[in-house]
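Structure file my_file_8.cif; described as mmCIF, C-alpha atoms and all ligand atoms.
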```cif
data_target
#
loop_
_atom_site.group_PDB
_atom_site.id
_atom_site.type_symbol
_atom_site.label_atom_id
_atom_site.label_comp_id
_atom_site.auth_asym_id
_atom_site.auth_seq_id
_atom_site.Cartn_x
_atom_site.Cartn_y
_atom_site.Cartn_z
ATOM 1 C CA MET A 1 -18.991 -13.324 -13.959
ATOM 2 C CA ALA A 2 -18.065 -13.638 -17.595
ATOM 3 C CA ALA A 3 -14.607 -13.871 -19.109
ATOM 4 C CA VAL A 4 -13.778 -10.611 -20.860
ATOM 5 C CA ASP A 5 -10.819 -9.798 -23.124
ATOM 6 C CA MET A 6 -9.759 -6.364 -21.860
ATOM 7 C CA ARG A 7 -7.301 -5.820 -24.692
ATOM 8 C CA LEU A 8 -9.961 -6.238 -27.351
ATOM 9 C CA MET A 9 -12.275 -4.000 -25.323
ATOM 10 C CA ALA A 10 -9.629 -1.245 -25.172
ATOM 11 C CA LEU A 11 -9.051 -1.452 -28.932
ATOM 12 C CA ASN A 12 -12.803 -1.218 -29.599
ATOM 13 C CA ILE A 13 -13.032 1.868 -27.411
ATOM 14 C CA PHE A 14 -10.049 3.419 -29.222
ATOM 15 C CA GLY A 15 -12.075 2.964 -32.405
ATOM 16 C CA ARG A 16 -15.111 4.677 -30.894
ATOM 17 C CA LEU A 17 -13.008 7.614 -29.641
ATOM 18 C CA GLU A 18 -10.862 7.909 -32.779
ATOM 19 C CA ASN A 19 -12.426 11.194 -33.886
ATOM 20 C CA ILE A 20 -11.961 13.056 -30.628
ATOM 21 C CA ALA A 21 -8.424 11.663 -30.314
ATOM 22 C CA LYS A 22 -7.611 12.868 -33.848
ATOM 23 C CA SER A 23 -9.064 16.297 -33.152
ATOM 24 C CA ARG A 24 -6.655 16.640 -30.205
ATOM 25 C CA ASN A 25 -3.819 14.934 -32.056
ATOM 26 C CA VAL A 26 -3.563 12.290 -29.322
ATOM 27 C CA THR A 27 -1.904 8.914 -29.990
ATOM 28 C CA LEU A 28 -3.660 5.848 -28.564
ATOM 29 C CA LYS A 29 -1.601 2.803 -27.545
ATOM 30 C CA VAL A 30 -2.114 -0.602 -25.958
ATOM 31 C CA LYS A 31 0.808 -2.247 -24.129
ATOM 32 C CA PRO A 32 2.164 -4.858 -24.522
ATOM 33 C CA ASP A 33 1.540 -4.276 -28.203
ATOM 34 C CA GLU A 34 1.895 -7.859 -29.404
ATOM 35 C CA LEU A 35 -1.354 -9.629 -30.041
ATOM 36 C CA THR A 36 -2.067 -11.109 -26.619
ATOM 37 C CA GLU A 37 -5.511 -11.631 -25.213
ATOM 38 C CA VAL A 38 -6.108 -10.309 -21.708
ATOM 39 C CA TRP A 39 -8.883 -12.351 -20.099
ATOM 40 C CA VAL A 40 -10.373 -11.238 -16.782
ATOM 41 C CA LYS A 41 -13.516 -11.989 -14.794
ATOM 42 C CA ALA A 42 -15.849 -9.052 -15.252
ATOM 43 C CA ASP A 43 -19.264 -7.836 -16.265
ATOM 44 C CA ALA A 44 -18.528 -6.859 -19.867
ATOM 45 C CA ASP A 45 -21.005 -3.984 -20.201
ATOM 46 C CA ARG A 46 -20.064 -2.362 -16.910
ATOM 47 C CA MET A 47 -16.325 -2.797 -17.502
ATOM 48 C CA GLU A 48 -16.808 -1.127 -20.867
ATOM 49 C CA GLN A 49 -18.302 1.893 -19.052
ATOM 50 C CA VAL A 50 -15.205 1.971 -16.834
ATOM 51 C CA MET A 51 -12.745 1.816 -19.713
ATOM 52 C CA LEU A 52 -14.722 4.260 -21.861
ATOM 53 C CA ASN A 53 -14.738 6.874 -19.108
ATOM 54 C CA LEU A 54 -11.070 6.469 -18.189
ATOM 55 C CA ILE A 55 -9.869 6.558 -21.801
ATOM 56 C CA GLU A 56 -12.181 9.431 -22.733
ATOM 57 C CA ASN A 57 -10.984 11.422 -19.701
ATOM 58 C CA ALA A 58 -7.356 10.748 -20.635
ATOM 59 C CA ILE A 59 -7.972 12.073 -24.140
ATOM 60 C CA LYS A 60 -10.084 15.088 -23.073
ATOM 61 C CA TYR A 61 -8.071 16.209 -20.044
ATOM 62 C CA GLY A 62 -4.654 15.117 -21.284
ATOM 63 C CA ASN A 63 -2.452 17.313 -23.435
ATOM 64 C CA GLU A 64 -2.957 18.071 -27.099
ATOM 65 C CA GLY A 65 -0.457 16.075 -29.132
ATOM 66 C CA GLY A 66 -0.008 13.735 -26.163
ATOM 67 C CA LYS A 67 -0.247 10.008 -25.696
ATOM 68 C CA VAL A 68 -2.813 7.778 -24.003
ATOM 69 C CA THR A 69 -1.684 4.281 -23.065
ATOM 70 C CA VAL A 70 -3.670 1.333 -21.786
ATOM 71 C CA GLN A 71 -1.184 -0.996 -20.145
ATOM 72 C CA PHE A 72 -1.756 -4.542 -18.899
ATOM 73 C CA SER A 73 0.541 -6.158 -16.327
ATOM 74 C CA GLU A 74 -0.039 -9.788 -15.562
ATOM 75 C CA GLY A 75 0.456 -11.260 -12.112
ATOM 76 C CA LYS A 76 -0.246 -14.818 -10.956
ATOM 77 C CA LYS A 77 -3.915 -14.277 -10.080
ATOM 78 C CA TYR A 78 -4.580 -10.712 -11.101
ATOM 79 C CA MET A 79 -4.308 -8.548 -14.142
ATOM 80 C CA GLU A 80 -3.491 -4.913 -13.549
ATOM 81 C CA VAL A 81 -5.057 -2.430 -15.936
ATOM 82 C CA ALA A 82 -3.585 1.077 -16.156
ATOM 83 C CA VAL A 83 -4.833 4.019 -18.216
ATOM 84 C CA ARG A 84 -2.188 6.695 -18.477
ATOM 85 C CA ASP A 85 -1.929 10.073 -20.151
ATOM 86 C CA THR A 86 0.864 12.597 -20.635
ATOM 87 C CA GLY A 87 -1.286 15.556 -19.665
ATOM 88 C CA PRO A 88 -1.135 18.409 -17.139
ATOM 89 C CA GLY A 89 -2.019 16.114 -14.216
ATOM 90 C CA ILE A 90 -4.488 16.644 -11.381
ATOM 91 C CA PRO A 91 -3.436 18.916 -8.495
ATOM 92 C CA HIS A 92 -2.852 16.969 -5.299
ATOM 93 C CA GLU A 93 -5.669 18.661 -3.362
ATOM 94 C CA HIS A 94 -8.225 17.480 -5.944
ATOM 95 C CA LEU A 95 -7.074 13.869 -6.191
ATOM 96 C CA ASN A 96 -9.470 12.423 -3.617
ATOM 97 C CA ARG A 97 -12.407 14.531 -4.668
ATOM 98 C CA ILE A 98 -12.532 13.632 -8.376
ATOM 99 C CA PHE A 99 -14.424 10.429 -7.481
ATOM 100 C CA GLU A 100 -17.281 12.443 -5.955
ATOM 101 C CA ARG A 101 -20.376 12.902 -8.045
ATOM 102 C CA PHE A 102 -20.406 16.148 -10.084
ATOM 103 C CA TYR A 103 -16.872 17.086 -8.982
ATOM 104 C CA ARG A 104 -14.776 18.665 -11.728
ATOM 105 C CA VAL A 105 -11.336 20.195 -11.298
ATOM 106 C CA ASP A 106 -11.330 23.166 -13.630
ATOM 107 C CA LYS A 107 -14.921 24.345 -13.841
ATOM 108 C CA SER A 108 -14.509 26.850 -16.651
ATOM 109 C CA ARG A 109 -12.422 24.542 -18.804
ATOM 110 C CA SER A 110 -14.622 21.555 -17.995
ATOM 111 C CA LYS A 111 -17.672 23.502 -19.145
ATOM 112 C CA ASP A 112 -16.162 23.948 -22.609
ATOM 113 C CA ILE A 113 -15.318 20.253 -22.741
ATOM 114 C CA GLY A 114 -18.789 19.088 -21.716
ATOM 115 C CA GLY A 115 -19.677 16.185 -19.434
ATOM 116 C CA THR A 116 -21.373 16.042 -16.062
ATOM 117 C CA GLY A 117 -18.708 14.984 -13.571
ATOM 118 C CA LEU A 118 -20.347 11.615 -12.987
ATOM 119 C CA GLY A 119 -17.888 9.408 -14.865
ATOM 120 C CA LEU A 120 -15.378 8.652 -12.104
ATOM 121 C CA ALA A 121 -18.095 8.190 -9.465
ATOM 122 C CA ILE A 122 -19.584 5.504 -11.722
ATOM 123 C CA VAL A 123 -16.117 3.994 -12.345
ATOM 124 C CA LYS A 124 -15.507 3.739 -8.596
ATOM 125 C CA HIS A 125 -18.923 2.200 -8.001
ATOM 126 C CA ILE A 126 -18.523 -0.426 -10.739
ATOM 127 C CA LEU A 127 -15.038 -1.414 -9.589
ATOM 128 C CA ASN A 128 -16.298 -1.724 -5.987
ATOM 129 C CA ALA A 129 -18.950 -4.109 -7.278
ATOM 130 C CA HIS A 130 -16.076 -6.128 -8.798
ATOM 131 C CA ASP A 131 -14.410 -6.280 -5.340
ATOM 132 C CA THR A 132 -11.600 -4.007 -6.433
ATOM 133 C CA LYS A 133 -10.489 -0.401 -6.116
ATOM 134 C CA ILE A 134 -9.335 2.347 -8.412
ATOM 135 C CA ALA A 135 -5.988 4.018 -7.720
ATOM 136 C CA VAL A 136 -4.815 7.324 -9.150
ATOM 137 C CA MET A 137 -1.309 8.740 -9.457
ATOM 138 C CA SER A 138 -0.636 12.125 -10.906
ATOM 139 C CA LYS A 139 2.392 14.337 -11.456
ATOM 140 C CA PRO A 140 2.078 17.981 -12.501
ATOM 141 C CA ASP A 141 2.970 18.365 -16.202
ATOM 142 C CA LYS A 142 3.890 14.673 -16.469
ATOM 143 C CA GLY A 143 0.500 13.016 -16.537
ATOM 144 C CA THR A 144 -2.027 10.916 -14.711
ATOM 145 C CA THR A 145 -2.447 7.161 -14.290
ATOM 146 C CA PHE A 146 -5.609 5.409 -13.162
ATOM 147 C CA SER A 147 -5.159 1.712 -12.329
ATOM 148 C CA PHE A 148 -7.012 -1.263 -10.904
ATOM 149 C CA LYS A 149 -6.683 -5.025 -10.615
ATOM 150 C CA LEU A 150 -9.097 -7.679 -11.804
ATOM 151 C CA GLU A 151 -9.019 -11.400 -11.261
ATOM 152 C CA LYS A 152 -7.720 -13.297 -14.277
ATOM 153 C CA ALA A 153 -10.272 -15.516 -15.972
ATOM 154 C CA PHE A 154 -7.812 -18.323 -16.682
ATOM 155 C CA THR A 155 -4.670 -19.362 -14.914
ATOM 156 C CA SER A 156 -1.709 -18.463 -16.993
ATOM 157 C CA ALA A 157 -0.358 -20.954 -19.518
ATOM 158 C CA HIS A 158 3.196 -19.765 -18.791
ATOM 159 C CA SER A 159 5.611 -22.183 -17.245
ATOM 160 C CA GLU A 160 6.586 -21.311 -13.685
ATOM 161 C CA GLN A 161 9.923 -20.095 -14.960
ATOM 162 C CA SER A 162 8.540 -17.595 -17.451
ATOM 163 C CA GLU A 163 5.985 -16.289 -14.942
ATOM 164 C CA GLU A 164 8.830 -15.495 -12.554
ATOM 165 C CA ASP A 165 10.810 -13.788 -15.250
ATOM 166 C CA PHE A 166 7.787 -11.660 -15.964
ATOM 167 C CA VAL A 167 7.288 -10.614 -12.352
ATOM 168 C CA THR A 168 10.930 -9.603 -12.120
ATOM 169 C CA GLN A 169 10.534 -7.546 -15.242
ATOM 170 C CA VAL A 170 7.443 -5.740 -13.901
ATOM 171 C CA ASN A 171 9.039 -4.931 -10.559
ATOM 172 C CA SER A 172 12.332 -3.681 -11.897
HETATM 173 P P1 LIG B 1 -18.463 12.791 -17.410
HETATM 174 O O1 LIG B 1 -17.462 11.692 -17.195
HETATM 175 O O2 LIG B 1 -19.676 12.645 -16.578
HETATM 176 O O3 LIG B 1 -18.715 13.040 -18.847
HETATM 177 P P2 LIG B 1 -16.310 14.383 -16.394
HETATM 178 O O4 LIG B 1 -15.361 13.726 -17.332
HETATM 179 O O5 LIG B 1 -16.092 15.822 -16.084
HETATM 180 O O6 LIG B 1 -17.809 14.174 -16.885
HETATM 181 P P3 LIG B 1 -15.297 12.545 -14.391
HETATM 182 O O7 LIG B 1 -14.994 11.521 -15.430
HETATM 183 O O8 LIG B 1 -15.914 12.089 -13.118
HETATM 184 O O9 LIG B 1 -16.308 13.642 -14.973
HETATM 185 O O10 LIG B 1 -13.991 13.382 -14.057
HETATM 186 C C1 LIG B 1 -14.050 14.371 -13.026
HETATM 187 C C2 LIG B 1 -13.012 15.457 -13.233
HETATM 188 O O11 LIG B 1 -11.704 14.923 -12.960
HETATM 189 C C3 LIG B 1 -12.932 15.992 -14.661
HETATM 190 O O12 LIG B 1 -13.874 17.012 -14.872
HETATM 191 C C4 LIG B 1 -11.506 16.522 -14.706
HETATM 192 O O13 LIG B 1 -11.457 17.814 -14.113
HETATM 193 C C5 LIG B 1 -10.748 15.558 -13.785
HETATM 194 N N1 LIG B 1 -10.031 14.495 -14.553
HETATM 195 C C6 LIG B 1 -10.473 13.244 -14.807
HETATM 196 N N2 LIG B 1 -9.568 12.515 -15.496
HETATM 197 C C7 LIG B 1 -8.499 13.330 -15.666
HETATM 198 C C8 LIG B 1 -7.217 13.188 -16.299
HETATM 199 N N3 LIG B 1 -6.859 12.035 -16.902
HETATM 200 N N4 LIG B 1 -6.363 14.260 -16.279
HETATM 201 C C9 LIG B 1 -6.718 15.427 -15.667
HETATM 202 N N5 LIG B 1 -7.911 15.633 -15.060
HETATM 203 C C10 LIG B 1 -8.796 14.607 -15.057
HETATM 204 MG MG MG B 2 -15.429 11.595 -17.588
#
```
Mind converting the file's structure to structure tokens?
Amino acid sequence: MAAVDMRLMALNIFGRLENIAKSRNVTLKVKPDELTEVWVKADADRMEQVMLNLIENAIKYGNEGGKVTVQFSEGKKYMEVAVRDTGPGIPHEHLNRIFERFYRVDKSRSKDIGGTGLGLAIVKHILNAHDTKIAVMSKPDKGTTFSFKLEKAFTSAHSEQSEEDFVTQVNS
């Protein structure tokens, strides 16, 4: 599998979704926000479908005037990618079902928004093909986070010391 810079991919997708984000007054952010490349092993086209769906969902189903963040956390072998919004959240009883084909939470609202309900089923399928899984966490009125891990394309150039510092920081 190819080496893909996930940070650059996220920024490109932000560009493609700029108009819909503006129309909902949603701020788009990548974290950490310094210029760091985030290289993982992935199929670039398929991973772009994953990120496009997750970011588009976060903008469409998040709150107006809210924030959408793509956050990267680096471990020794894996990079964790999280897409988070500050929206209304997904009710607990729907959380498992949103990955089913054609499943949509709020049918009347979803109809106005458009879409088919296939996005997350495709996301799950693509991540399975990358030997990984999608996780979702949601809190009513606080927001939703979708996350997954991908193998890093290169071993980190950090010294052992700085890698440990980083892990401590992430866990705290
Ligand atoms: P498509 O992706 O095919 O255009 P869709 O966005 O409705 O259509 P999915 O991406 O599979 O389909 O999402 C399924 C449903 O899960 C959505 O209709 C929405 O109800 C809910 N959902 C997805 N992401 C979020 C989110 N970030 N916050 C709240 N609800 C969400
Ligand atoms: Mg979708």
If we count only C-alpha atoms and set the cut-off at 10 Å, which residues sit around Leu127 (chain A), ignoring sequence neighbours fewer than 5 positions away in its own chain? Please answer as an mmCIF file with C-alpha atoms, keeping the file's coordinate frame.
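Result file part.cif:
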```cif
data_model
loop_
_atom_site.group_PDB
_atom_site.id
_atom_site.type_symbol
_atom_site.label_atom_id
_atom_site.label_comp_id
_atom_site.auth_asym_id
_atom_site.auth_seq_id
_atom_site.Cartn_x
_atom_site.Cartn_y
_atom_site.Cartn_z
ATOM 1 C CA ALA A 42 -15.849 -9.052 -15.252
ATOM 2 C CA ARG A 46 -20.064 -2.362 -16.910
ATOM 3 C CA MET A 47 -16.325 -2.797 -17.502
ATOM 4 C CA VAL A 50 -15.205 1.971 -16.834
ATOM 5 C CA ILE A 122 -19.584 5.504 -11.722
ATOM 6 C CA THR A 132 -11.600 -4.007 -6.433
ATOM 7 C CA LYS A 133 -10.489 -0.401 -6.116
ATOM 8 C CA ILE A 134 -9.335 2.347 -8.412
ATOM 9 C CA PHE A 148 -7.012 -1.263 -10.904
ATOM 10 C CA LYS A 149 -6.683 -5.025 -10.615
ATOM 11 C CA LEU A 150 -9.097 -7.679 -11.804
#
```
Subject >> Reference answer for the PyMOL selection byres (((chain A and resi 13-16) around 12) and not hetatm), as a VMD selection string >> reply: chain A and resid 6 to 12 17 to 22 26 to 30 47 to 56 58 to 59 68 to 70
**OP:** For the structure shown, which residues end up in the PyMOL selection byres (((not hetatm)) within 9 of (chain B and resi 1))? Put them as a VMD selection string, please?
**Re:** chain A and resid 53 to 63 83 to 91 94 to 95 97 to 107 109 to 111 113 to 123 138 143 to 146
Original post:
Between A:Asp33, A:Glu74, A:Asp131, A:Asp112, which is the closest to Lys152 (chain A) once you count only C-alpha atoms?
Top reply: A:Glu74
Original post:
So which one's closest to ligand MG 2 (chain B), A:Lys124, A:Glu93, A:Ala129, A:Ala2? Using only C-alpha atoms and all ligand atoms, please.
Top reply: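 Between A:Lys124, A:Glu93, A:Ala129, A:Ala2, the residue approaching ligand MG 2 (chain B) most closely is A:Lys124.
Between CA of Glu151 (chain A) and CA of Met79 (chain A) the separation is 6.2 Å.
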**OP:** Mind giving me the straight-line distance from CA of Ser147 (chain A) to CA of Ala135 (chain A) in Å, one decimal?
**Re:**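 Pair CA of Ser147 (chain A) / CA of Ala135 (chain A) returns 5.2 Å.
Here CA of Asn96 (chain A) and CA of Val81 (chain A) stand 19.8 Å from one another.
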Around all the atoms of region 67-82 of chain A listed in the file, draw an axis-aligned box and extend it by 3 Å on each of the six sides; I want its centre and edge lengths in Å to one decimal, as AutoDock Vina command-line options.
```
--center_x -2.3 --center_y -2.4 --center_z -17.9 --size_x 11.6 --size_y 30.8 --size_z 21.6
```
Output region 99-126 of chain A as a PDB file, in the coordinates of the input, making sure N, CA and C atoms are there.
```pdb
ATOM      1  N   PHE A  99     -13.513  11.579  -7.433  1.00  0.00           N
ATOM      2  CA  PHE A  99     -14.424  10.429  -7.481  1.00  0.00           C
ATOM      3  C   PHE A  99     -15.806  10.774  -6.937  1.00  0.00           C
ATOM      4  N   GLU A 100     -15.958  12.009  -6.437  1.00  0.00           N
ATOM      5  CA  GLU A 100     -17.281  12.443  -5.955  1.00  0.00           C
ATOM      6  C   GLU A 100     -18.161  12.793  -7.150  1.00  0.00           C
ATOM      7  N   ARG A 101     -19.449  12.554  -6.969  1.00  0.00           N
ATOM      8  CA  ARG A 101     -20.376  12.902  -8.045  1.00  0.00           C
ATOM      9  C   ARG A 101     -20.344  14.411  -8.317  1.00  0.00           C
ATOM     10  N   PHE A 102     -20.337  14.762  -9.585  1.00  0.00           N
ATOM     11  CA  PHE A 102     -20.406  16.148 -10.084  1.00  0.00           C
ATOM     12  C   PHE A 102     -19.140  16.965  -9.810  1.00  0.00           C
ATOM     13  N   TYR A 103     -18.100  16.328  -9.261  1.00  0.00           N
ATOM     14  CA  TYR A 103     -16.872  17.086  -8.982  1.00  0.00           C
ATOM     15  C   TYR A 103     -16.030  17.203 -10.249  1.00  0.00           C
ATOM     16  N   ARG A 104     -15.642  18.441 -10.572  1.00  0.00           N
ATOM     17  CA  ARG A 104     -14.776  18.665 -11.728  1.00  0.00           C
ATOM     18  C   ARG A 104     -13.696  19.646 -11.304  1.00  0.00           C
ATOM     19  N   VAL A 105     -12.477  19.434 -11.798  1.00  0.00           N
ATOM     20  CA  VAL A 105     -11.336  20.195 -11.298  1.00  0.00           C
ATOM     21  C   VAL A 105     -11.363  21.642 -11.769  1.00  0.00           C
ATOM     22  N   ASP A 106     -11.388  21.815 -13.076  1.00  0.00           N
ATOM     23  CA  ASP A 106     -11.330  23.166 -13.630  1.00  0.00           C
ATOM     24  C   ASP A 106     -12.697  23.479 -14.220  1.00  0.00           C
ATOM     25  N   LYS A 107     -13.519  24.208 -13.448  1.00  0.00           N
ATOM     26  CA  LYS A 107     -14.921  24.345 -13.841  1.00  0.00           C
ATOM     27  C   LYS A 107     -15.085  25.057 -15.170  1.00  0.00           C
ATOM     28  N   SER A 108     -14.306  26.109 -15.398  1.00  0.00           N
ATOM     29  CA  SER A 108     -14.509  26.850 -16.651  1.00  0.00           C
ATOM     30  C   SER A 108     -14.076  26.014 -17.844  1.00  0.00           C
ATOM     31  N   ARG A 109     -12.915  25.355 -17.698  1.00  0.00           N
ATOM     32  CA  ARG A 109     -12.422  24.542 -18.804  1.00  0.00           C
ATOM     33  C   ARG A 109     -13.334  23.336 -19.021  1.00  0.00           C
ATOM     34  N   SER A 110     -13.766  22.732 -17.898  1.00  0.00           N
ATOM     35  CA  SER A 110     -14.622  21.555 -17.995  1.00  0.00           C
ATOM     36  C   SER A 110     -15.925  21.887 -18.710  1.00  0.00           C
ATOM     37  N   LYS A 111     -16.412  23.116 -18.520  1.00  0.00           N
ATOM     38  CA  LYS A 111     -17.672  23.502 -19.145  1.00  0.00           C
ATOM     39  C   LYS A 111     -17.540  23.500 -20.671  1.00  0.00           C
ATOM     40  N   ASP A 112     -16.390  23.975 -21.159  1.00  0.00           N
ATOM     41  CA  ASP A 112     -16.162  23.948 -22.609  1.00  0.00           C
ATOM     42  C   ASP A 112     -16.112  22.513 -23.122  1.00  0.00           C
ATOM     43  N   ILE A 113     -15.524  21.630 -22.299  1.00  0.00           N
ATOM     44  CA  ILE A 113     -15.318  20.253 -22.741  1.00  0.00           C
ATOM     45  C   ILE A 113     -16.618  19.451 -22.706  1.00  0.00           C
ATOM     46  N   GLY A 114     -17.535  19.835 -21.829  1.00  0.00           N
ATOM     47  CA  GLY A 114     -18.789  19.088 -21.716  1.00  0.00           C
ATOM     48  C   GLY A 114     -18.644  17.956 -20.720  1.00  0.00           C
ATOM     49  N   GLY A 115     -19.721  17.251 -20.439  1.00  0.00           N
ATOM     50  CA  GLY A 115     -19.677  16.185 -19.434  1.00  0.00           C
ATOM     51  C   GLY A 115     -20.325  16.657 -18.154  1.00  0.00           C
ATOM     52  N   THR A 116     -20.588  15.718 -17.251  1.00  0.00           N
ATOM     53  CA  THR A 116     -21.373  16.042 -16.062  1.00  0.00           C
ATOM     54  C   THR A 116     -20.592  15.890 -14.764  1.00  0.00           C
ATOM     55  N   GLY A 117     -19.449  15.232 -14.813  1.00  0.00           N
ATOM     56  CA  GLY A 117     -18.708  14.984 -13.571  1.00  0.00           C
ATOM     57  C   GLY A 117     -19.161  13.720 -12.873  1.00  0.00           C
ATOM     58  N   LEU A 118     -19.869  12.866 -13.590  1.00  0.00           N
ATOM     59  CA  LEU A 118     -20.347  11.615 -12.987  1.00  0.00           C
ATOM     60  C   LEU A 118     -19.456  10.423 -13.293  1.00  0.00           C
ATOM     61  N   GLY A 119     -18.651  10.552 -14.350  1.00  0.00           N
ATOM     62  CA  GLY A 119     -17.888   9.408 -14.865  1.00  0.00           C
ATOM     63  C   GLY A 119     -17.097   8.652 -13.812  1.00  0.00           C
ATOM     64  N   LEU A 120     -16.258   9.345 -13.059  1.00  0.00           N
ATOM     65  CA  LEU A 120     -15.378   8.652 -12.104  1.00  0.00           C
ATOM     66  C   LEU A 120     -16.143   8.100 -10.912  1.00  0.00           C
ATOM     67  N   ALA A 121     -17.266   8.744 -10.541  1.00  0.00           N
ATOM     68  CA  ALA A 121     -18.095   8.190  -9.465  1.00  0.00           C
ATOM     69  C   ALA A 121     -18.664   6.844  -9.912  1.00  0.00           C
ATOM     70  N   ILE A 122     -19.057   6.767 -11.166  1.00  0.00           N
ATOM     71  CA  ILE A 122     -19.584   5.504 -11.722  1.00  0.00           C
ATOM     72  C   ILE A 122     -18.465   4.457 -11.814  1.00  0.00           C
ATOM     73  N   VAL A 123     -17.280   4.888 -12.258  1.00  0.00           N
ATOM     74  CA  VAL A 123     -16.117   3.994 -12.345  1.00  0.00           C
ATOM     75  C   VAL A 123     -15.832   3.368 -10.978  1.00  0.00           C
ATOM     76  N   LYS A 124     -15.798   4.215  -9.949  1.00  0.00           N
ATOM     77  CA  LYS A 124     -15.507   3.739  -8.596  1.00  0.00           C
ATOM     78  C   LYS A 124     -16.560   2.728  -8.143  1.00  0.00           C
ATOM     79  N   HIS A 125     -17.811   3.066  -8.391  1.00  0.00           N
ATOM     80  CA  HIS A 125     -18.923   2.200  -8.001  1.00  0.00           C
ATOM     81  C   HIS A 125     -18.839   0.835  -8.697  1.00  0.00           C
ATOM     82  N   ILE A 126     -18.582   0.839  -9.985  1.00  0.00           N
ATOM     83  CA  ILE A 126     -18.523  -0.426 -10.739  1.00  0.00           C
ATOM     84  C   ILE A 126     -17.343  -1.277 -10.265  1.00  0.00           C
TER      85      ILE A 126
END
```
